[in-house]
Amino acid sequence: MSIVIFIMIILIASILQTSTGFGFSILATPFLLLLFQPAEAIQINLILSFVISLALIAKIKQDIDFGVLKRFLFGSVAGLPLGMLVFLVLDVTKLKLGISIIILILTVVLIWKFRISQTKPRDYIVGGLSGILTTSIGMPGPPLLLYFAGTATQKAVLRGTTLAFYLVIYLLSIIMQVSFAGATKTMWLASGLALPIVFLGLYVGQLLFTRINERHFQIVLYVILAFTGVYLLFESVKNW
């Protein structure tokens with residue numbers, strides 16, 4: 001049963017990541033934490049997310065905002081080591097609770113049509129926050145998603161810029177995670193098992209991206225965020 005659940009998590013998350021640019025870590029990480037140890041769950045997420053970004057980068061390079069991307073990456077340099085420190089000192093229950101709260105706050109803010117103007121200093125800050133969340137919980141998406149939604153960024157630019165950012169930040173995070181937290185045989189086996197599922201998700205996600213409009217894009221986002229946040233919050237409180 002656990003294998004079936006794992007396959008479904010990876011497939012659905014891969015489809016979302018490919019079609020939206022943000023879905024994998026937000027959906028996969030909370031559920032992977034229910035199946036694996038924290039370090040294993042986060043490292044599996046980082047490896048598979050990196051593979052997705054690498055596979056798609058040639059297709060989406062025309063949609064990348066390189067100015068914003070550069071500032072995100074510079075900001076993340078400060079955030080990555082801080083996130084690693086957070087990961088090393090937090091226990092798994094607090095980690096899950098923190099993720100659920102972040103996701104639910106993000107959902108509410110997006111539904112309320114949060115708006116913000118884009119500036120260069122804010123680009124650096126968002127990159128830093130994403131760096132912290134990447135090495136601590138394997139989820140760089142929430143700050144980027146909130147920022148792009150607040151600035152009403154088109155879905156193609158959102159997907160292209162976030163995937164390009166992930167390509168770099170996930171690679172750096174994998175190196176830091178394995179160096180400081182170690183890597184288990186289970187993590188490598190699970191990542192290898194998931195690769196064919198990821199490529200299937202890539203194919204389906206690409207088909208969906210050409211058919212989903214902006215309004216449906218937003219609805220899918222809200223449903224995924226709300227469901228994931230509530231489910232993980234319930235699991236965290238139950239195990240407190």
# chains A, B, ... in the order shown; residues from 1 in each chain; ligands from 1
call {"tool": "closest_atom_pairs", "arguments": {"of": "range 42-126 of chain A", "to": "range 221-232 of chain A", "cutoff": "8 Å", "atoms": "only C-alpha atoms", "output": "CSV"}}
result
residue,atom,partner,partner_atom,distance
A:Lys96,CA,A:Leu232,CA,6.5
A:Leu97,CA,A:Leu232,CA,7.1
A:Ile99,CA,A:Gly229,CA,7.5
A:Ser100,CA,A:Gly229,CA,4.5
A:Ile101,CA,A:Gly229,CA,6.9
A:Ile102,CA,A:Gly229,CA,7.9
A:Ile103,CA,A:Gly229,CA,5.2
A:Leu104,CA,A:Gly229,CA,5.2
A:Leu106,CA,A:Leu225,CA,7.9
A:Thr107,CA,A:Leu225,CA,5.9
A:Leu110,CA,A:Tyr222,CA,7.8
A:Ile111,CA,A:Tyr222,CA,7.3
call {"tool": "closest_atom_pairs", "arguments": {"of": "range 93-161 of chain A", "to": "range 201-210 of chain A", "cutoff": "10 Å", "atoms": "only C-alpha atoms", "output": "CSV"}}
result
residue,atom,partner,partner_atom,distance
A:Lys155,CA,A:Phe209,CA,9.5
A:Ala156,CA,A:Phe209,CA,9.1
A:Arg159,CA,A:Phe209,CA,9.9
call {"tool": "write_last_selection", "arguments": {"atoms": "C-alpha atoms", "output": "CSV table (one decimal), in the first residue's frame"}}
result
chain,number,residue,atom,x,y,z
A,155,LYS,CA,1.6,31.8,-15.8
A,156,ALA,CA,4.2,31.1,-18.5
A,159,ARG,CA,6.6,28.6,-14.6
call {"tool": "residues_around", "arguments": {"residues": "Leu46 in chain A", "least_positions_apart": "3", "cutoff": "8 Å", "atoms": "only C-alpha atoms", "output": "list in words"}}
result
Ser25, Ile42, Gln43, Ser49, Phe50, Gly138, Tyr170, Leu171, Ser173 and Ile174 of chain A
call {"tool": "write_last_selection", "arguments": {"atoms": "N, CA and C atoms", "output": "compact mmCIF listing (two decimals), in the first residue's frame"}}
result
# COMPACT_ATOMS: atom_id res chain seq x y z
N SER A 25 6.99 20.27 -4.90
CA SER A 25 7.41 20.32 -3.50
C SER A 25 6.26 20.62 -2.56
N ILE A 42 12.80 14.99 2.34
CA ILE A 42 13.26 16.26 1.75
C ILE A 42 14.25 16.00 0.62
N GLN A 43 15.14 15.04 0.80
CA GLN A 43 16.14 14.75 -0.23
C GLN A 43 15.50 14.12 -1.47
N SER A 49 12.67 17.00 -7.96
CA SER A 49 12.37 18.35 -8.44
C SER A 49 13.48 18.86 -9.35
N PHE A 50 14.72 18.54 -8.99
CA PHE A 50 15.86 18.92 -9.84
C PHE A 50 15.77 18.24 -11.20
N GLY A 138 12.52 21.64 2.12
CA GLY A 138 12.44 21.18 0.73
C GLY A 138 11.36 21.86 -0.09
N TYR A 170 17.94 23.72 -6.17
CA TYR A 170 17.79 22.32 -5.76
C TYR A 170 19.12 21.60 -5.79
N LEU A 171 19.94 21.87 -6.79
CA LEU A 171 21.25 21.23 -6.86
C LEU A 171 22.10 21.61 -5.65
N SER A 173 21.02 22.65 -2.78
CA SER A 173 20.38 22.11 -1.58
C SER A 173 20.66 20.62 -1.41
N ILE A 174 20.67 19.89 -2.53
CA ILE A 174 20.98 18.45 -2.46
C ILE A 174 22.39 18.26 -1.89
call {"tool": "closest_residue", "arguments": {"among": "A:Trp112, A:Phe180, A:Thr186, A:Val86", "to": "Gly150 in chain A", "atoms": "only C-alpha atoms"}}
result
A:Trp112
call {"tool": "closest_residue", "arguments": {"among": "A:Leu34, A:Leu56, A:Met8, A:Ala194", "to": "Leu163 in chain A", "atoms": "only C-alpha atoms"}}
result
A:Leu56
call {"tool": "atom_distance", "arguments": {"atom1": "CA of Lys70 in chain A", "atom2": "CA of Ile105 in chain A"}}
result
27.0 Å
call {"tool": "residues_around", "arguments": {"residues": "Thr151 in chain A", "least_positions_apart": "4", "cutoff": "7 Å", "atoms": "only C-alpha atoms", "output": "list in words"}}
result
Arg115, Ile116, Ser117, Gln118 and Tyr147 of chain A
call {"tool": "atom_distance", "arguments": {"atom1": "CA of Thr93 in chain A", "atom2": "CA of Glu235 in chain A"}}
result
8.8 Å
